[in-house]
Each structure stands twice: as structure tokens, then as C-alpha cells.
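Undergrad: Have a look at this one before I ask anything.
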Amino acid sequence: MQANNKKTKRLIFFSSIILLIATAWVNTAFSSHEEKSAKHHANEIVSDSVVAHHDESKLEHAETEIHAIEEKIKPGEIIMGHVTDAHDWHIATIGHKHISIPLPIIIYGETGLKLFSSSRFEHGHANYEGYKIEGNHILALNHDGTVNKEAKFYDLSITKIVAAMFFAVFVLCWIMLSIAKRYRKNNLKAPKGIQSFVEPLIIFLRDEVVKPSIGPKYEKFLPYLLTIFFFIFINNLFGLIPFFPGGANVTGNIAVTLILALGTFIITCANTNKNYWMHIINTPGVPWWLKFPIPLMPIVEIIGVFSKPFVLMLRLFANITAGHIIILGFMSLIFIFGEMNVGLGLGVSLLSVAFSIFMNMLELLVAFLQAYVFTLLSALYFGMALEEHHNEESH
Amino acid sequence: MELVKPGIGLLFWMTLTFGIVLYILSKYAWKPIIKSIKEREDSISDALNAAENARKKMDALKSDNERLLNEARVERDKMLKEASDMKDNIIAQAKKSADEEFRKKVASATEAIEKEKINAMNQLKTQVATLTVDLAEKILRSKMEDRQQQEALVNENLKNLNLK
């Protein structure tokens with residue numbers, strides 16, 4: 001059994017290393033590929049414009065393309081495009097062709113529920129069903145084709161982030177349910193396979209995070225805390241994979257972290273006792289003049305109630321987004337220098353790749369750390385809400 | 001700014017997805033997993049306790065055995081000692097009785113010898129008396145005129161007297 005455990009451990013270790021290397025490699029492959037394709041693109045377009053005089057439409061098309069190519073690479077836009085949401089899942093651009101997976105657009109507006117593929121918009125070139133897309137935003141149109149700013153509608157599309165989240169969640173459920181099945185079958189046997197990766201995490205969270213933070217009533221909160229930990233962890237990890245179906249900035253999206261923080265906030269508020277509110281209104285151990293004529297401390301404490309989940313939301317969002325931005329920044333450096341001189345770009349790519357590998361390592365740590373911090377702080381807030389009076393007086 | 005503006009669609013899907021995931025995992029994953037881990041921990045601690053108890057019992061048994069063994073050893077030593085004492089006693093007794101017998105025998109022998117001696121003495125005395133009487137007779141028979149003759153006679157007779 002022990003040998004088996006060791007083998008699994010080694011397997012996980014090596015696979016994580018391979019994953020890392022693959023991540024770095026794909027990053028570089030992507031970048032060099034894009035560089036090449038951009039060059040190729042430009043050449044082709046130039047030759048097009050010289051030779052193909054007879055084909056008017058083609059020329060026109062090429063001219064617009066030249067216009068696009070002549071524009072300097074804007075790393076800001078590229079990076080923002082990567083870390084924000086999108087209505088189609090861009091995989092690669094080869095030559096003129098954008099390879100992307102169209103995602104379903106769901107719009108609930110005055111005219112009812114509309115469901116169609118994002119390919120109908122043809123990357124912003126076409127209108128469909130009275131809507132058009134500009135960047136990541138869907139805009140409602142009047143009958144004459146102008147943008148109707150008054151129109152009320154909800155864009156409930158399965159965007160790139162939603163799709164990536166679905167995928168991560170599917171994997172998460174699959175892993176956990178298969179493990180649960182094994183537990184149900186032979187609960188007294190030693191863990192095996194992925195079970196021996198997950199079990200220490202579960203036990204660690206239970207014994208080192210949840211139990212000491214919440215106290216004897218910890219079991220009620222354990223499912224929620226385990227869910228947020230693994231949800232954040234797996235989404236962080238998938239975010240580090242630079243190609244489909246990873247790469248989406250799920251936990252670096254403010255809406256996602258908002259809901260997670262909101263969950264913690266709601267559970268905290270639902271489990272408060274009298275003592276918690278007394279603590280806010282009449283903070284013990286604070287001189288009375290901070291409370292009486294002007295209720296300074298109560299105000300600070302009430303702000304604290306809301307700022308805790310707010311900071312929870314911001315921390316995860318900022319950490320993950322920053323990681324993505326830094327790695328993408330290093331990648332963009334290659335193109336910025338490559339634009340000046342191909343050799344310079346290649347030279348910088350060495351440095352960029354080295355830094356990206358380092359950042360990926362760091363992000364792997366951050367992926368775990370942020371999931372851990374989010375869980376720990378949530379557990380601490382639950383613990384505060386449940387704290388009994390006699391504990392207060394000790395500090 | 002686009003980055004910090006939560007989209008309504010994402011909020012909706014995130015709430016839905018997270019809610020469903022929370023439900024599914026809580027019910028079908030965490031519950032059995034936590035229960036099983038707890039059960040396993042309990043069973044391990046039970047097994048350890050049982051082992052500890054068994055060890056204690058074993059120790060008790062062992063010390064019991066030791067005690068019994070020691071007792072048996074003491075008993076045996078005692079028995080051996082007793083046996084050897086008995087042997088010594090028997091030997092001593094035997095010796096004593098043999099001595100007694102010997103002494104008795106010697107005593108009786110001495111007694112017999114004494115008796116015989118007295119007998120012999122008595123016989124001797126009778127004989128001496130007889131002889132004396134005979135001698136006196138002889139002396140009497142012979143003429144008792146000459147003193148010298150008489151003395152010679154007596155001496156002669158005395159010489160001939162064989163005291164046996």
C-alpha cells in the first residue's frame with residue numbers, strides 16, 4: 001500500500017512539473033507562433049496589394065488589413081482582452097483565420113429570451129436580431145441600425161469565463177464524486193490515486209483551518225468552506241493553462257469573486273449571535289469617548305462588517321488578475337521588441353520565457369495560497385460570528 | 001473600467017453554478033468523504049486503543065506468569081529442601097539407631113562376658129575349693145610330723161597346683 005502511495009505521490013509530483021514545463025513551453029510556442037504569423041500576414045498582404053490589382057474587393061479587404069497591421073501592437077489591449085470576458089473562445093490565429101469557438105449568446109430583453117450563437121455577430125461585423133457586439137459588449141439596436149441606449153436587456157450569455165467555469169466545475173465534480181464513491185465503498189482502506197492528493201487537503205482544511213477558526217460548531221460550515229476552497233483552487237489552476245480549455249481568468253473576474261465573497265458574507269450574517277452585534281455596537285476594551293457623543297467605533301465596526309467580504313473579493317480578483325497580467329506582459333515584451341527588430345525580439349524572448357516560467361511557478365503557489373487564504377478568512381469570519389462572550393474577555 | 005465592472009450574465013451564471021456545485025458537492029461528496037474520513041480515523045484510533053489494551057493485558061498476563069513461575073520455583077526449592085532435610089533426618093536417625101544397636105550389642109556382650117567371667121570365677125573358686133579340700137585331705141593323710149616334710153609337701157603341692 002505504502003509503495004503504491006509513494007508511486008502516486010511521485011506521479012503527481014512529476015505530472016505537476018510536466019504541467020509547468022508544458023505551460024511554459026506553450027506560452028513560448030504561442031508567442032513565437034503569433035510572431036511568425038504576424039510577419040507572414042504582413043508579407044502576404046503586401047504582395048496582395050502589389051499583385052492583385054484586378055481584384056477590387058480583395059484589394060479593399062487587404063487595405064483594411066494593412067491598416068490593422070500597420071497599427072502598433074497594443075499590449076494593453078491584448079492583455080485586457082485576455083483577462084476580461086469574451087463572447088467567443090479565441091484559440092489561435094493562423095494566417096487570416098481566427099480559430100475560435102463560438103459561444104451561445106443569451107439575451108433577455110423586452111422582446112423576450114433570445115438564444116443564438118455568437119458566430120452570428122461575425123466578430124462584431126454583423127448585426128443579429130436587433131443586437132450587435134462591440135468589443136465584449138452587446139448593444140441593442142434600433143430599427144434603423146443605430147445603437148439604442150435606452151433599451152433594457154440582460155446579457156446572460158455563456159461567455160468564455162462562464163464556459164471555462166463550467167468546465168472546471170465539471171472536472172471538480174467528477175473528481176470529487178468519484179472519490180466519494182470510493183470512500184463509500186471502502187472507507188477503511190488507505191486512500192488511492194487522486195484520493196491521496198485530495199484527502200490531505202481536506203484533512204488539512206478541516207484540522208488546521210476550519211476547526212481552529214470556528215470551534216466546535218465547525219461541521220456545519222465545512223461543506224461550504226471545502227467547496228469554495230476547491231472551486232477557487234481548480235479555477236486558479238485551469239487559469240494557468242494557457243490554451244483551451246484553460247486560460248480563462250475565472251477567479252480573476254470580479255463577478256466571480258463577488259459571488260464567492262457574497263456567499264461568505266451571507267453565511268456570516270446568517271450565523272451571527274447577539275454577542276457579535278453587541279461587539280459592533282459596544283466594542284469592549286475601547287474608551288467610552290470613542291463611542292458616546294460620536295459613535296466612532298460602531299461606525300468603524302459596521303464598515304468592517306462590509307469591508308471584510310469586500311476585501312475578500314478584491315484580494316482574490318487582484319491576485320489572480322495580476323498574475324495573468326504579468327505573464328501576458330512578459331509575452332507582450334517579445335512582440336514589442338520584435339516589432340523593432342526580429343533579433344531583439346528573439347533575444348528578449350529568452351528573458352521573457354525565463355521570467356514567465358518563474359511567474360508560472362509563483363502563480364502555482366498563488367493558486368493554492370489564494371484558495372487557502374479565502375477559505376481561512378471565511379472560516380475566521382464565521383468563527384467571529386459565532387464567538388461567545390467569554391472568549392471576548394480574554395483579549 | 002471594464003475589469004472591475006461585474007457583468008450581469010456572469011453574476012447570474014456564477015450564482016447558479018456555484019449554488020449547484022455547493023449543493024452537489026455538499027450532498028454527494030463532502031458528506032460521505034468527511035463521514036468516511038471520520039470513520040476511518042475512529043477505526044484507526046479504536047484499533048490503536050485495542051492494541052494498547054491488548055499490550056497491557058499481555059503485560060499483566062506476563063507478570064502473572066512470572067509470579068506463578070516464581071511461586072513454583074519457591075515451592076520447588078522448599079520441597080527440595082524438605083526432601084533433603086528428611087533425607088538428613090533419616091540418615092541421622094538410622095545412624096543413631098545403628099549406634100544404639102551397636103552399643104546395646106556391645107553392652108550385652110560385655111554383660112555376657114562378665115557373666116561368663118563370674119561363672120568362670122565361680123567354677124574356679126569351686127575347683128580351688130575342691131583342690132584345697134583335696135590338698136588338705138592329702139596333707140591330712142600324710143603324716144604331719146615333720147614340719148619340714150610338711151612344708152616340702154605343701155610347696156610341692158603348691159608347685160603342682162595348676163591354676164587354670
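Each chain in the C-alpha cells gets a letter, A, B and so on, in the order shown; residues start at 1 in every chain, and ligands are counted from 1 in the order they appear.
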For chain B, which residues have at least one atom within 10 Å of chain A, if we go by only C-alpha atoms? Write them as a ChimeraX atom specification, please.

TA: /B:2-15,17-44

Undergrad: Generate a file of the selected residues that holds N, CA and C atoms, formatted as a compact mmCIF listing (two decimals), in the first residue's frame.

TA:
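File again_26.txt, as written:
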# COMPACT_ATOMS: atom_id res chain seq x y z
N GLU B 2 -13.62 48.35 -17.38
CA GLU B 2 -14.18 47.04 -17.71
C GLU B 2 -13.85 45.96 -16.68
N LEU B 3 -12.59 46.05 -16.16
CA LEU B 3 -12.07 44.97 -15.33
C LEU B 3 -12.83 44.82 -14.02
N VAL B 4 -13.24 45.93 -13.45
CA VAL B 4 -13.86 45.86 -12.13
C VAL B 4 -15.38 46.05 -12.18
N LYS B 5 -15.96 45.89 -13.40
CA LYS B 5 -17.40 46.02 -13.52
C LYS B 5 -17.99 44.62 -13.67
N PRO B 6 -18.65 44.11 -12.63
CA PRO B 6 -19.19 42.75 -12.75
C PRO B 6 -20.34 42.70 -13.75
N GLY B 7 -20.25 41.80 -14.68
CA GLY B 7 -21.29 41.64 -15.70
C GLY B 7 -22.46 40.87 -15.13
N ILE B 8 -23.66 41.27 -15.55
CA ILE B 8 -24.87 40.66 -15.00
C ILE B 8 -24.96 39.18 -15.36
N GLY B 9 -24.52 38.86 -16.60
CA GLY B 9 -24.58 37.46 -17.04
C GLY B 9 -23.68 36.60 -16.19
N LEU B 10 -22.48 37.11 -15.95
CA LEU B 10 -21.53 36.35 -15.15
C LEU B 10 -22.04 36.17 -13.73
N LEU B 11 -22.61 37.24 -13.18
CA LEU B 11 -23.15 37.14 -11.81
C LEU B 11 -24.21 36.04 -11.76
N PHE B 12 -25.08 36.07 -12.77
CA PHE B 12 -26.16 35.09 -12.82
C PHE B 12 -25.61 33.67 -12.91
N TRP B 13 -24.72 33.47 -13.88
CA TRP B 13 -24.21 32.10 -14.09
C TRP B 13 -23.36 31.63 -12.93
N MET B 14 -22.60 32.57 -12.37
CA MET B 14 -21.76 32.22 -11.23
C MET B 14 -22.62 31.80 -10.04
N THR B 15 -23.66 32.58 -9.77
CA THR B 15 -24.55 32.24 -8.65
C THR B 15 -25.15 30.86 -8.86
N THR B 17 -24.16 28.39 -10.93
CA THR B 17 -23.18 27.31 -10.94
C THR B 17 -22.67 27.02 -9.54
N PHE B 18 -22.32 28.09 -8.85
CA PHE B 18 -21.76 27.88 -7.52
C PHE B 18 -22.79 27.25 -6.59
N GLY B 19 -24.02 27.70 -6.72
CA GLY B 19 -25.09 27.12 -5.91
C GLY B 19 -25.23 25.64 -6.17
N ILE B 20 -25.26 25.28 -7.44
CA ILE B 20 -25.43 23.86 -7.80
C ILE B 20 -24.23 23.05 -7.33
N VAL B 21 -23.04 23.61 -7.58
CA VAL B 21 -21.83 22.90 -7.16
C VAL B 21 -21.82 22.71 -5.65
N LEU B 22 -22.18 23.76 -4.95
CA LEU B 22 -22.23 23.69 -3.48
C LEU B 22 -23.18 22.59 -3.05
N TYR B 23 -24.35 22.55 -3.70
CA TYR B 23 -25.34 21.56 -3.34
C TYR B 23 -24.83 20.14 -3.64
N ILE B 24 -24.37 19.96 -4.88
CA ILE B 24 -23.94 18.61 -5.29
C ILE B 24 -22.79 18.13 -4.42
N LEU B 25 -21.79 18.99 -4.29
CA LEU B 25 -20.61 18.55 -3.53
C LEU B 25 -20.95 18.33 -2.06
N SER B 26 -21.77 19.23 -1.49
CA SER B 26 -22.10 19.07 -0.07
C SER B 26 -22.82 17.74 0.16
N LYS B 27 -23.75 17.48 -0.75
CA LYS B 27 -24.59 16.30 -0.52
C LYS B 27 -23.89 15.02 -0.92
N TYR B 28 -23.27 15.04 -2.11
CA TYR B 28 -22.77 13.77 -2.65
C TYR B 28 -21.26 13.57 -2.49
N ALA B 29 -20.55 14.63 -2.14
CA ALA B 29 -19.10 14.45 -2.00
C ALA B 29 -18.62 14.67 -0.57
N TRP B 30 -18.85 15.88 -0.06
CA TRP B 30 -18.24 16.19 1.26
C TRP B 30 -18.83 15.33 2.36
N LYS B 31 -20.15 15.13 2.29
CA LYS B 31 -20.79 14.37 3.37
C LYS B 31 -20.19 12.97 3.48
N PRO B 32 -20.22 12.17 2.40
CA PRO B 32 -19.62 10.83 2.54
C PRO B 32 -18.12 10.87 2.80
N ILE B 33 -17.44 11.85 2.19
CA ILE B 33 -15.98 11.88 2.36
C ILE B 33 -15.64 12.19 3.81
N ILE B 34 -16.27 13.21 4.35
CA ILE B 34 -15.96 13.59 5.74
C ILE B 34 -16.37 12.48 6.70
N LYS B 35 -17.52 11.89 6.41
CA LYS B 35 -18.00 10.80 7.26
C LYS B 35 -17.01 9.65 7.22
N SER B 36 -16.57 9.31 6.01
CA SER B 36 -15.65 8.17 5.87
C SER B 36 -14.32 8.46 6.54
N ILE B 37 -13.84 9.69 6.35
CA ILE B 37 -12.55 10.03 6.96
C ILE B 37 -12.67 9.92 8.48
N LYS B 38 -13.79 10.42 8.98
CA LYS B 38 -14.01 10.36 10.42
C LYS B 38 -14.08 8.90 10.88
N GLU B 39 -14.85 8.11 10.12
CA GLU B 39 -14.97 6.69 10.47
C GLU B 39 -13.62 6.02 10.48
N ARG B 40 -12.84 6.35 9.44
CA ARG B 40 -11.54 5.70 9.35
C ARG B 40 -10.65 6.13 10.53
N GLU B 41 -10.71 7.44 10.82
CA GLU B 41 -9.90 7.92 11.95
C GLU B 41 -10.33 7.22 13.24
N ASP B 42 -11.67 7.12 13.39
CA ASP B 42 -12.17 6.45 14.59
C ASP B 42 -11.69 5.01 14.64
N SER B 43 -11.79 4.34 13.48
CA SER B 43 -11.42 2.92 13.48
C SER B 43 -9.93 2.77 13.75
N ILE B 44 -9.14 3.72 13.23
CA ILE B 44 -7.70 3.65 13.49
C ILE B 44 -7.43 3.86 14.97

Undergrad: Find the residue from A:Val198, A:Lys149, A:Leu205, A:Ala367 that sits nearest to A:Tyr218; use only C-alpha atoms when measuring.

TA: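 Ranking A:Val198, A:Lys149, A:Leu205, A:Ala367 by distance to A:Tyr218, first place goes to A:Leu205.
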
Undergrad: Tell me, in Å to one decimal, how far atom CA of A:Leu103 is from atom CA of A:Ser119.

TA: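 Spanning atom CA of A:Leu103 to atom CA of A:Ser119 is a straight-line distance of 7.6 Å.
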
Undergrad: Go through A:Leu316, A:Ala379, A:Val366, A:Ile138 one by one, measure the shortest atom-to-atom distance of each to A:Lys211 using only C-alpha atoms, and give the residue with the smallest value.

TA: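 Checking each candidate against A:Lys211, we get A:Ala379 as the closest.
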
Undergrad: Interatomic distance between atom CA of A:Ile336 and atom CA of A:Pro75?

TA: 7.9 Å

Undergrad: With distances taken over only C-alpha atoms, which residue among A:Asn249, A:Thr268, A:Gln370, A:Asn360 lies nearest A:His82?

TA: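 Ranked by minimum distance to A:His82, first place goes to A:Asn249.
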
Undergrad: Show me, as a PDB file with N, CA, C and O atoms, in the first residue's frame, the residues that have an atom within 12 Å of B:Thr132 when counting only C-alpha atoms, minus same-chain residues fewer than 5 positions from it.

TA:
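Okay, this is what ended up in part21.pdb:
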ATOM      1  N   LEU B 124      36.091 -71.617  89.090  1.00  0.00           N
ATOM      2  CA  LEU B 124      37.456 -71.634  89.595  1.00  0.00           C
ATOM      3  C   LEU B 124      37.443 -71.752  91.105  1.00  0.00           C
ATOM      4  O   LEU B 124      38.180 -72.614  91.697  1.00  0.00           O
ATOM      5  N   LYS B 125      36.628 -70.974  91.683  1.00  0.00           N
ATOM      6  CA  LYS B 125      36.537 -70.990  93.141  1.00  0.00           C
ATOM      7  C   LYS B 125      36.172 -72.374  93.640  1.00  0.00           C
ATOM      8  O   LYS B 125      36.845 -72.947  94.573  1.00  0.00           O
ATOM      9  N   THR B 126      35.158 -72.970  93.004  1.00  0.00           N
ATOM     10  CA  THR B 126      34.756 -74.324  93.405  1.00  0.00           C
ATOM     11  C   THR B 126      35.906 -75.290  93.251  1.00  0.00           C
ATOM     12  O   THR B 126      36.203 -76.128  94.131  1.00  0.00           O
ATOM     13  N   GLN B 127      36.567 -75.150  92.056  1.00  0.00           N
ATOM     14  CA  GLN B 127      37.692 -76.028  91.803  1.00  0.00           C
ATOM     15  C   GLN B 127      38.769 -75.832  92.854  1.00  0.00           C
ATOM     16  O   GLN B 127      39.300 -76.820  93.405  1.00  0.00           O
ATOM     17  N   GLU B 137      43.177 -82.792 102.386  1.00  0.00           N
ATOM     18  CA  GLU B 137      42.997 -84.205 102.617  1.00  0.00           C
ATOM     19  C   GLU B 137      44.298 -84.914 102.541  1.00  0.00           C
ATOM     20  O   GLU B 137      44.659 -85.720 103.396  1.00  0.00           O
ATOM     21  N   LYS B 138      45.019 -84.551 101.369  1.00  0.00           N
ATOM     22  CA  LYS B 138      46.308 -85.202 101.156  1.00  0.00           C
ATOM     23  C   LYS B 138      47.260 -84.893 102.292  1.00  0.00           C
ATOM     24  O   LYS B 138      47.992 -85.781 102.811  1.00  0.00           O
ATOM     25  N   ILE B 139      47.204 -83.582 102.643  1.00  0.00           N
ATOM     26  CA  ILE B 139      48.077 -83.153 103.704  1.00  0.00           C
ATOM     27  C   ILE B 139      47.727 -83.854 104.975  1.00  0.00           C
ATOM     28  O   ILE B 139      48.609 -84.361 105.694  1.00  0.00           O
ATOM     29  N   LEU B 140      46.485 -83.985 105.175  1.00  0.00           N
ATOM     30  CA  LEU B 140      45.996 -84.593 106.346  1.00  0.00           C
ATOM     31  C   LEU B 140      46.352 -86.041 106.385  1.00  0.00           C
ATOM     32  O   LEU B 140      46.657 -86.634 107.404  1.00  0.00           O
ATOM     33  N   VAL B 154      53.795 -79.219 101.222  1.00  0.00           N
ATOM     34  CA  VAL B 154      52.896 -78.100 100.796  1.00  0.00           C
ATOM     35  C   VAL B 154      53.432 -77.415  99.567  1.00  0.00           C
ATOM     36  O   VAL B 154      52.720 -77.195  98.601  1.00  0.00           O
ATOM     37  N   ASN B 157      53.095 -79.470  96.543  1.00  0.00           N
ATOM     38  CA  ASN B 157      51.676 -79.396  96.080  1.00  0.00           C
ATOM     39  C   ASN B 157      51.316 -78.076  95.481  1.00  0.00           C
ATOM     40  O   ASN B 157      50.583 -78.027  94.508  1.00  0.00           O
ATOM     41  N   LEU B 158      51.899 -77.058  96.102  1.00  0.00           N
ATOM     42  CA  LEU B 158      51.600 -75.714  95.544  1.00  0.00           C
ATOM     43  C   LEU B 158      52.178 -75.559  94.165  1.00  0.00           C
ATOM     44  O   LEU B 158      51.600 -74.967  93.300  1.00  0.00           O
ATOM     45  N   LEU B 161      50.241 -77.163  91.851  1.00  0.00           N
ATOM     46  CA  LEU B 161      48.899 -76.555  91.688  1.00  0.00           C
ATOM     47  C   LEU B 161      48.817 -75.751  90.360  1.00  0.00           C
ATOM     48  O   LEU B 161      49.539 -74.810  90.096  1.00  0.00           O
ATOM     49  N   ASN B 162      47.991 -76.302  89.629  1.00  0.00           N
ATOM     50  CA  ASN B 162      47.831 -75.601  88.318  1.00  0.00           C
ATOM     51  C   ASN B 162      46.572 -74.761  88.298  1.00  0.00           C
ATOM     52  O   ASN B 162      45.481 -75.259  88.223  1.00  0.00           O
ATOM     53  N   LEU B 163      46.850 -73.508  88.376  1.00  0.00           N
ATOM     54  CA  LEU B 163      45.673 -72.607  88.434  1.00  0.00           C
ATOM     55  C   LEU B 163      45.174 -72.295  87.052  1.00  0.00           C
ATOM     56  O   LEU B 163      45.637 -71.408  86.369  1.00  0.00           O
TER      57      LEU B 163
END

Undergrad: Contacts of A:Phe244 at 12 Å or less, counting only C-alpha atoms, minus same-chain residues fewer than 3 places along, as JSON, numbers by chain?

TA: {"A": [23, 26, 88, 89, 90, 91, 92, 99, 100, 101, 160, 161, 163, 164, 167, 168, 238, 239, 240, 241, 247, 248]}

Undergrad: Quick one: distance from atom CA of A:Ile266 to atom CA of A:Ile303 in Å, one decimal?

TA: 15.6 Å

Undergrad: With a distance cut-off of 10 Å and only C-alpha atoms, select the neighbouring residues of A:Pro298, excluding the residue or stretch itself and same-chain residues fewer than 4 positions from it, and output the selection as a PyMOL selection string.

TA: chain A and resi 277-283+290-292+294+302-304

Undergrad: Please produce a file of the residues just selected, as a tab-separated table (two decimals), in the first residue's frame, where the atoms kept are N, CA, C and O atoms.

TA:
chain	number	residue	atom	x	y	z
A	277	TRP	N	-23.21	41.32	17.45
A	277	TRP	CA	-23.74	42.67	17.22
A	277	TRP	C	-23.43	43.58	18.40
A	277	TRP	O	-23.17	44.76	18.23
A	278	MET	N	-23.44	43.01	19.60
A	278	MET	CA	-23.07	43.79	20.78
A	278	MET	C	-21.63	44.27	20.63
A	278	MET	O	-21.29	45.39	20.99
A	279	HIS	N	-20.83	43.39	20.10
A	279	HIS	CA	-19.43	43.71	19.91
A	279	HIS	C	-19.27	44.89	18.95
A	279	HIS	O	-18.39	45.72	19.10
A	280	ILE	N	-20.15	44.95	17.97
A	280	ILE	CA	-20.08	46.04	16.99
A	280	ILE	C	-20.59	47.34	17.59
A	280	ILE	O	-19.96	48.39	17.47
A	281	ILE	N	-21.73	47.26	18.28
A	281	ILE	CA	-22.34	48.47	18.81
A	281	ILE	C	-21.54	48.99	20.00
A	281	ILE	O	-21.28	50.18	20.12
A	282	ASN	N	-21.16	48.10	20.87
A	282	ASN	CA	-20.45	48.50	22.08
A	282	ASN	C	-19.16	47.70	22.17
A	282	ASN	O	-19.07	46.71	22.89
A	283	THR	N	-18.18	48.13	21.42
A	283	THR	CA	-16.93	47.39	21.35
A	283	THR	C	-16.25	47.37	22.72
A	283	THR	O	-15.99	48.44	23.27
A	290	LEU	N	-14.87	57.20	22.51
A	290	LEU	CA	-14.86	56.81	21.09
A	290	LEU	C	-16.23	56.31	20.67
A	290	LEU	O	-16.48	56.08	19.50
A	291	LYS	N	-17.12	56.10	21.65
A	291	LYS	CA	-18.42	55.52	21.34
A	291	LYS	C	-19.56	56.49	21.58
A	291	LYS	O	-20.55	56.47	20.88
A	292	PHE	N	-19.40	57.36	22.62
A	292	PHE	CA	-20.63	58.04	23.02
A	292	PHE	C	-21.06	59.26	22.21
A	292	PHE	O	-21.99	59.10	21.43
A	294	ILE	N	-20.00	60.89	19.56
A	294	ILE	CA	-19.99	60.49	18.14
A	294	ILE	C	-19.68	59.00	18.13
A	294	ILE	O	-18.64	58.58	18.65
A	302	ILE	N	-19.08	48.78	11.78
A	302	ILE	CA	-20.08	48.47	10.76
A	302	ILE	C	-19.44	48.49	9.37
A	302	ILE	O	-19.72	47.65	8.53
A	303	ILE	N	-18.55	49.46	9.17
A	303	ILE	CA	-17.81	49.47	7.90
A	303	ILE	C	-17.04	48.17	7.76
A	303	ILE	O	-16.99	47.55	6.70
A	304	GLY	N	-16.45	47.73	8.91
A	304	GLY	CA	-15.68	46.49	8.92
A	304	GLY	C	-16.50	45.29	8.49
A	304	GLY	O	-16.02	44.42	7.78
